[in-house]
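start24.csv (CSV, C-alpha atoms) appears below.
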```csv
chain,number,residue,atom,x,y,z
E,241,MET,CA,-5.6,23.6,-1.5
E,242,THR,CA,-8.4,23.8,-4.0
E,243,ASP,CA,-7.4,21.1,-6.5
E,244,GLY,CA,-5.0,18.2,-6.8
E,245,THR,CA,-2.4,20.1,-8.8
E,246,GLN,CA,-1.5,22.9,-6.4
E,247,ARG,CA,2.0,22.7,-4.9
E,248,ARG,CA,2.7,23.0,-1.2
E,249,SER,CA,5.2,25.6,0.0
E,250,GLY,CA,8.8,24.3,0.2
E,251,GLY,CA,8.3,21.9,-2.7
E,252,ASN,CA,7.7,19.0,-0.3
E,253,PRO,CA,5.0,16.5,-1.3
E,254,PRO,CA,2.1,16.2,1.1
E,255,PRO,CA,2.3,13.3,3.6
E,256,VAL,CA,0.8,9.9,2.8
E,257,GLN,CA,-1.7,8.3,5.1
E,258,ARG,CA,0.2,6.3,7.7
E,259,ARG,CA,-2.6,4.9,9.7
E,260,VAL,CA,-6.1,3.7,9.2
E,261,THR,CA,-8.6,6.4,10.1
E,262,SER,CA,-12.3,6.9,9.7
E,263,CYS,CA,-13.0,10.0,7.7
E,264,THR,CA,-15.7,12.1,6.1
E,265,GLU,CA,-16.2,12.3,2.4
E,266,ASP,CA,-14.5,15.7,2.3
E,267,GLU,CA,-11.5,14.4,4.2
E,268,HIS,CA,-11.3,11.5,1.8
E,269,LEU,CA,-11.3,13.8,-1.1
E,270,GLU,CA,-8.6,15.9,0.5
E,271,ARG,CA,-6.6,12.7,1.0
E,272,LEU,CA,-6.9,11.9,-2.7
E,273,ARG,CA,-5.9,15.4,-3.7
E,274,ALA,CA,-2.8,15.1,-1.5
E,275,ASP,CA,-2.1,11.8,-3.2
E,276,VAL,CA,-2.4,13.3,-6.6
E,277,ASP,CA,0.1,16.0,-5.6
E,278,THR,CA,2.5,13.3,-4.4
E,279,VAL,CA,2.3,11.4,-7.7
E,280,LEU,CA,2.7,14.6,-9.7
E,281,THR,CA,5.8,15.4,-7.7
E,282,LEU,CA,7.2,12.0,-8.4
E,283,GLN,CA,6.4,12.3,-12.1
E,284,LEU,CA,7.9,15.8,-12.4
E,285,SER,CA,11.1,14.6,-10.7
E,286,ASN,CA,11.2,11.5,-13.0
E,287,PHE,CA,10.8,9.4,-9.9
E,288,ALA,CA,14.0,10.7,-8.4
E,289,ASP,CA,15.1,9.1,-5.1
E,290,GLU,CA,14.5,12.3,-3.1
E,291,ALA,CA,10.9,12.4,-4.3
E,292,TRP,CA,10.3,8.7,-4.0
E,293,GLU,CA,11.9,8.1,-0.5
E,294,PRO,CA,9.3,10.0,1.6
E,295,LEU,CA,6.4,8.2,-0.1
E,296,ALA,CA,8.2,4.8,0.0
E,297,ASN,CA,8.9,5.2,3.7
E,298,ALA,CA,5.3,6.1,4.4
E,299,LEU,CA,4.0,3.2,2.3
E,300,VAL,CA,6.3,0.7,4.0
E,301,GLU,CA,5.3,1.9,7.5
E,302,TYR,CA,1.6,1.7,6.7
E,303,GLY,CA,1.8,-1.5,4.7
E,304,PHE,CA,4.0,-3.3,7.2
E,305,ALA,CA,1.6,-2.5,10.0
E,306,VAL,CA,-1.4,-3.8,8.1
E,307,MET,CA,0.3,-6.9,6.8
E,308,ARG,CA,1.9,-7.8,10.1
E,309,ALA,CA,-1.5,-7.6,11.8
E,310,TRP,CA,-3.4,-9.4,9.0
E,311,ILE,CA,-0.8,-12.2,8.8
E,312,ALA,CA,-0.5,-12.7,12.5
E,313,SER,CA,-4.3,-12.8,13.0
E,314,GLU,CA,-4.8,-14.8,9.7
E,315,ARG,CA,-7.2,-12.1,8.5
E,316,ILE,CA,-5.1,-12.0,5.3
E,317,PHE,CA,-6.7,-15.3,4.3
E,318,LYS,CA,-10.2,-13.8,4.7
E,319,GLU,CA,-9.2,-10.7,2.8
E,320,LEU,CA,-8.0,-12.8,-0.1
E,321,ALA,CA,-11.1,-15.1,0.0
E,322,VAL,CA,-13.6,-12.3,-0.4
E,323,SER,CA,-12.0,-10.9,-3.5
E,324,ARG,CA,-12.1,-12.3,-7.0
E,325,SER,CA,-8.9,-10.4,-7.9
E,326,PHE,CA,-6.5,-12.2,-5.7
E,327,ALA,CA,-5.1,-15.7,-5.6
E,328,LYS,CA,-6.8,-17.9,-3.0
E,329,VAL,CA,-4.6,-19.6,-0.3
E,330,SER,CA,-5.5,-21.8,2.5
E,331,PRO,CA,-4.6,-20.8,6.1
E,332,PRO,CA,-1.8,-22.7,7.8
E,333,PRO,CA,-2.5,-25.3,10.5
E,334,GLU,CA,-3.2,-23.6,13.8
E,335,GLY,CA,-0.1,-22.4,15.7
E,336,TRP,CA,2.1,-22.8,12.6
E,337,LEU,CA,3.0,-19.1,12.4
E,338,THR,CA,4.8,-17.4,15.2
E,339,LYS,CA,4.8,-13.7,15.8
E,340,GLY,CA,8.3,-13.4,14.5
E,341,GLU,CA,7.5,-15.4,11.4
E,342,ALA,CA,4.4,-13.2,10.7
E,343,GLU,CA,6.7,-10.1,11.0
E,344,SER,CA,9.3,-11.6,8.6
E,345,MET,CA,6.6,-12.6,6.1
E,346,ALA,CA,5.1,-9.1,6.3
E,347,GLY,CA,8.5,-7.6,5.7
E,348,GLU,CA,9.0,-9.7,2.6
E,349,VAL,CA,5.5,-9.0,1.3
E,350,VAL,CA,6.0,-5.2,1.8
E,351,THR,CA,9.5,-5.3,0.2
E,352,LEU,CA,8.2,-7.0,-3.0
E,353,ALA,CA,5.0,-4.8,-3.0
E,354,LEU,CA,7.0,-1.6,-2.8
E,355,ARG,CA,9.1,-2.5,-5.9
E,356,ALA,CA,6.1,-3.5,-7.9
E,357,PHE,CA,4.1,-0.5,-6.7
E,358,GLY,CA,6.8,1.9,-7.9
E,359,ASP,CA,7.6,0.1,-11.2
E,360,ASP,CA,4.2,-1.4,-12.2
E,361,VAL,CA,1.7,1.0,-10.6
E,362,LEU,CA,3.0,4.5,-10.2
E,363,ALA,CA,5.5,4.6,-13.1
E,364,LYS,CA,3.0,3.1,-15.5
E,365,GLY,CA,0.1,5.4,-14.3
E,366,VAL,CA,-2.1,2.6,-13.1
E,367,TRP,CA,-3.3,4.3,-9.9
E,368,ASP,CA,-6.1,6.8,-10.6
E,369,ALA,CA,-7.5,8.9,-7.8
E,370,ARG,CA,-10.8,9.1,-9.7
E,371,ARG,CA,-11.4,5.5,-8.8
E,372,GLY,CA,-11.5,6.4,-5.1
E,373,ALA,CA,-8.6,4.4,-3.6
E,374,SER,CA,-5.9,6.4,-1.8
E,375,LEU,CA,-2.2,5.5,-2.5
E,376,SER,CA,-2.0,3.7,0.9
E,377,THR,CA,-5.1,1.6,0.1
E,378,PHE,CA,-3.8,0.8,-3.3
E,379,PHE,CA,-0.5,-0.2,-1.8
E,380,VAL,CA,-2.2,-2.6,0.5
E,381,GLY,CA,-3.8,-4.1,-2.6
E,382,GLN,CA,-0.4,-4.6,-4.0
E,383,CYS,CA,0.7,-6.3,-0.8
E,384,LYS,CA,-2.3,-8.6,-1.1
E,385,LEU,CA,-1.1,-9.5,-4.6
E,386,GLN,CA,2.3,-10.3,-3.3
E,387,PHE,CA,1.2,-12.3,-0.3
E,388,PRO,CA,0.3,-15.7,-2.0
E,389,ASN,CA,3.7,-16.2,-3.5
E,390,VAL,CA,5.5,-15.2,-0.3
E,391,TYR,CA,3.2,-17.5,1.7
E,392,ARG,CA,3.8,-20.5,-0.7
E,393,ARG,CA,7.6,-20.1,-0.3
E,394,TRP,CA,7.3,-20.1,3.5
```

This entry written out as structure tokens:
Amino acid sequence: MTDGTQRRSGGNPPPVQRRVTSCTEDEHLERLRADVDTVLTLQLSNFADEAWEPLANALVEYGFAVMRAWIASERIFKELAVSRSFAKVSPPPEGWLTKGEAESMAGEVVTLALRAFGDDVLAKGVWDARRGASLSTFFVGQCKLQFPNVYRRW
């Protein structure tokens, strides 16, 4: 693939990053090109379910793993504290959150984030590969946006 607009054989969009990896700049650029292809496929299909579902599944898998780990370890509170873009929330008292509760909360965060990501980010053209964030990284940002409200309800 030489640029972000070429199509892969078979018409299937390229896979979305499903795990955190360390990569070279060239690998990161290839990841962004693949993400551009994925979004183009979505746009050309008018966000049809058959184009959205593989991306949604990959984002859910990745986002759930990140959120579950961050919530269970309370890293989510540190992530929100270092950014000016996200609502600040105080961590719960020690021992308040069980592993099962962390998983449930992560599931709720990811569910809300997926809807918002599709409707408010991708459909509105907010994500831009030229800014450097992959789709999966941008999705985790959407999860971070959703977390404070979910946490307050819990």

ask   = If you count all atoms listed in the file, which residues fall within 12 Å of stretch 325-327 of chain E, apart from same-chain ones fewer than 5 positions away, as a PyMOL selection string?
value = chain E and resi 316-320+381-392

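Among the candidate residues E:Leu269, E:Ala298, E:Pro332, E:Ala288, the one lying nearest to E:Arg371 is E:Leu269, with distances computed using all atoms listed in the file.
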
List as a PDB file with C-alpha atoms, in the coordinates of the input the residues having at least one atom at most 12 Å from position (-2.1, 3.0, 0.5) as given in the file, counting only C-alpha atoms.
```
ATOM      1  CA  PRO E 255       2.300  13.300   3.600  1.00  0.00           C
ATOM      2  CA  VAL E 256       0.800   9.900   2.800  1.00  0.00           C
ATOM      3  CA  GLN E 257      -1.700   8.300   5.100  1.00  0.00           C
ATOM      4  CA  ARG E 258       0.200   6.300   7.700  1.00  0.00           C
ATOM      5  CA  ARG E 259      -2.600   4.900   9.700  1.00  0.00           C
ATOM      6  CA  VAL E 260      -6.100   3.700   9.200  1.00  0.00           C
ATOM      7  CA  ARG E 271      -6.600  12.700   1.000  1.00  0.00           C
ATOM      8  CA  LEU E 272      -6.900  11.900  -2.700  1.00  0.00           C
ATOM      9  CA  ASP E 275      -2.100  11.800  -3.200  1.00  0.00           C
ATOM     10  CA  LEU E 295       6.400   8.200  -0.100  1.00  0.00           C
ATOM     11  CA  ALA E 296       8.200   4.800   0.000  1.00  0.00           C
ATOM     12  CA  ASN E 297       8.900   5.200   3.700  1.00  0.00           C
ATOM     13  CA  ALA E 298       5.300   6.100   4.400  1.00  0.00           C
ATOM     14  CA  LEU E 299       4.000   3.200   2.300  1.00  0.00           C
ATOM     15  CA  VAL E 300       6.300   0.700   4.000  1.00  0.00           C
ATOM     16  CA  GLU E 301       5.300   1.900   7.500  1.00  0.00           C
ATOM     17  CA  TYR E 302       1.600   1.700   6.700  1.00  0.00           C
ATOM     18  CA  GLY E 303       1.800  -1.500   4.700  1.00  0.00           C
ATOM     19  CA  PHE E 304       4.000  -3.300   7.200  1.00  0.00           C
ATOM     20  CA  ALA E 305       1.600  -2.500  10.000  1.00  0.00           C
ATOM     21  CA  VAL E 306      -1.400  -3.800   8.100  1.00  0.00           C
ATOM     22  CA  MET E 307       0.300  -6.900   6.800  1.00  0.00           C
ATOM     23  CA  VAL E 350       6.000  -5.200   1.800  1.00  0.00           C
ATOM     24  CA  ALA E 353       5.000  -4.800  -3.000  1.00  0.00           C
ATOM     25  CA  LEU E 354       7.000  -1.600  -2.800  1.00  0.00           C
ATOM     26  CA  PHE E 357       4.100  -0.500  -6.700  1.00  0.00           C
ATOM     27  CA  VAL E 361       1.700   1.000 -10.600  1.00  0.00           C
ATOM     28  CA  LEU E 362       3.000   4.500 -10.200  1.00  0.00           C
ATOM     29  CA  TRP E 367      -3.300   4.300  -9.900  1.00  0.00           C
ATOM     30  CA  ALA E 369      -7.500   8.900  -7.800  1.00  0.00           C
ATOM     31  CA  GLY E 372     -11.500   6.400  -5.100  1.00  0.00           C
ATOM     32  CA  ALA E 373      -8.600   4.400  -3.600  1.00  0.00           C
ATOM     33  CA  SER E 374      -5.900   6.400  -1.800  1.00  0.00           C
ATOM     34  CA  LEU E 375      -2.200   5.500  -2.500  1.00  0.00           C
ATOM     35  CA  SER E 376      -2.000   3.700   0.900  1.00  0.00           C
ATOM     36  CA  THR E 377      -5.100   1.600   0.100  1.00  0.00           C
ATOM     37  CA  PHE E 378      -3.800   0.800  -3.300  1.00  0.00           C
ATOM     38  CA  PHE E 379      -0.500  -0.200  -1.800  1.00  0.00           C
ATOM     39  CA  VAL E 380      -2.200  -2.600   0.500  1.00  0.00           C
ATOM     40  CA  GLY E 381      -3.800  -4.100  -2.600  1.00  0.00           C
ATOM     41  CA  GLN E 382      -0.400  -4.600  -4.000  1.00  0.00           C
ATOM     42  CA  CYS E 383       0.700  -6.300  -0.800  1.00  0.00           C
ATOM     43  CA  LYS E 384      -2.300  -8.600  -1.100  1.00  0.00           C
TER      44      LYS E 384
END
```

remark   = One decimal place gives the atom CA of E:Glu341-atom CA of E:Ser313 separation as 12.2 Å

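Atom CA of E:Trp292 lies 15.9 Å from atom CA of E:Leu352.
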
remark   = Pairwise distance, atom CA of E:Asp359 with atom CA of E:Met345, equals 21.5 Å
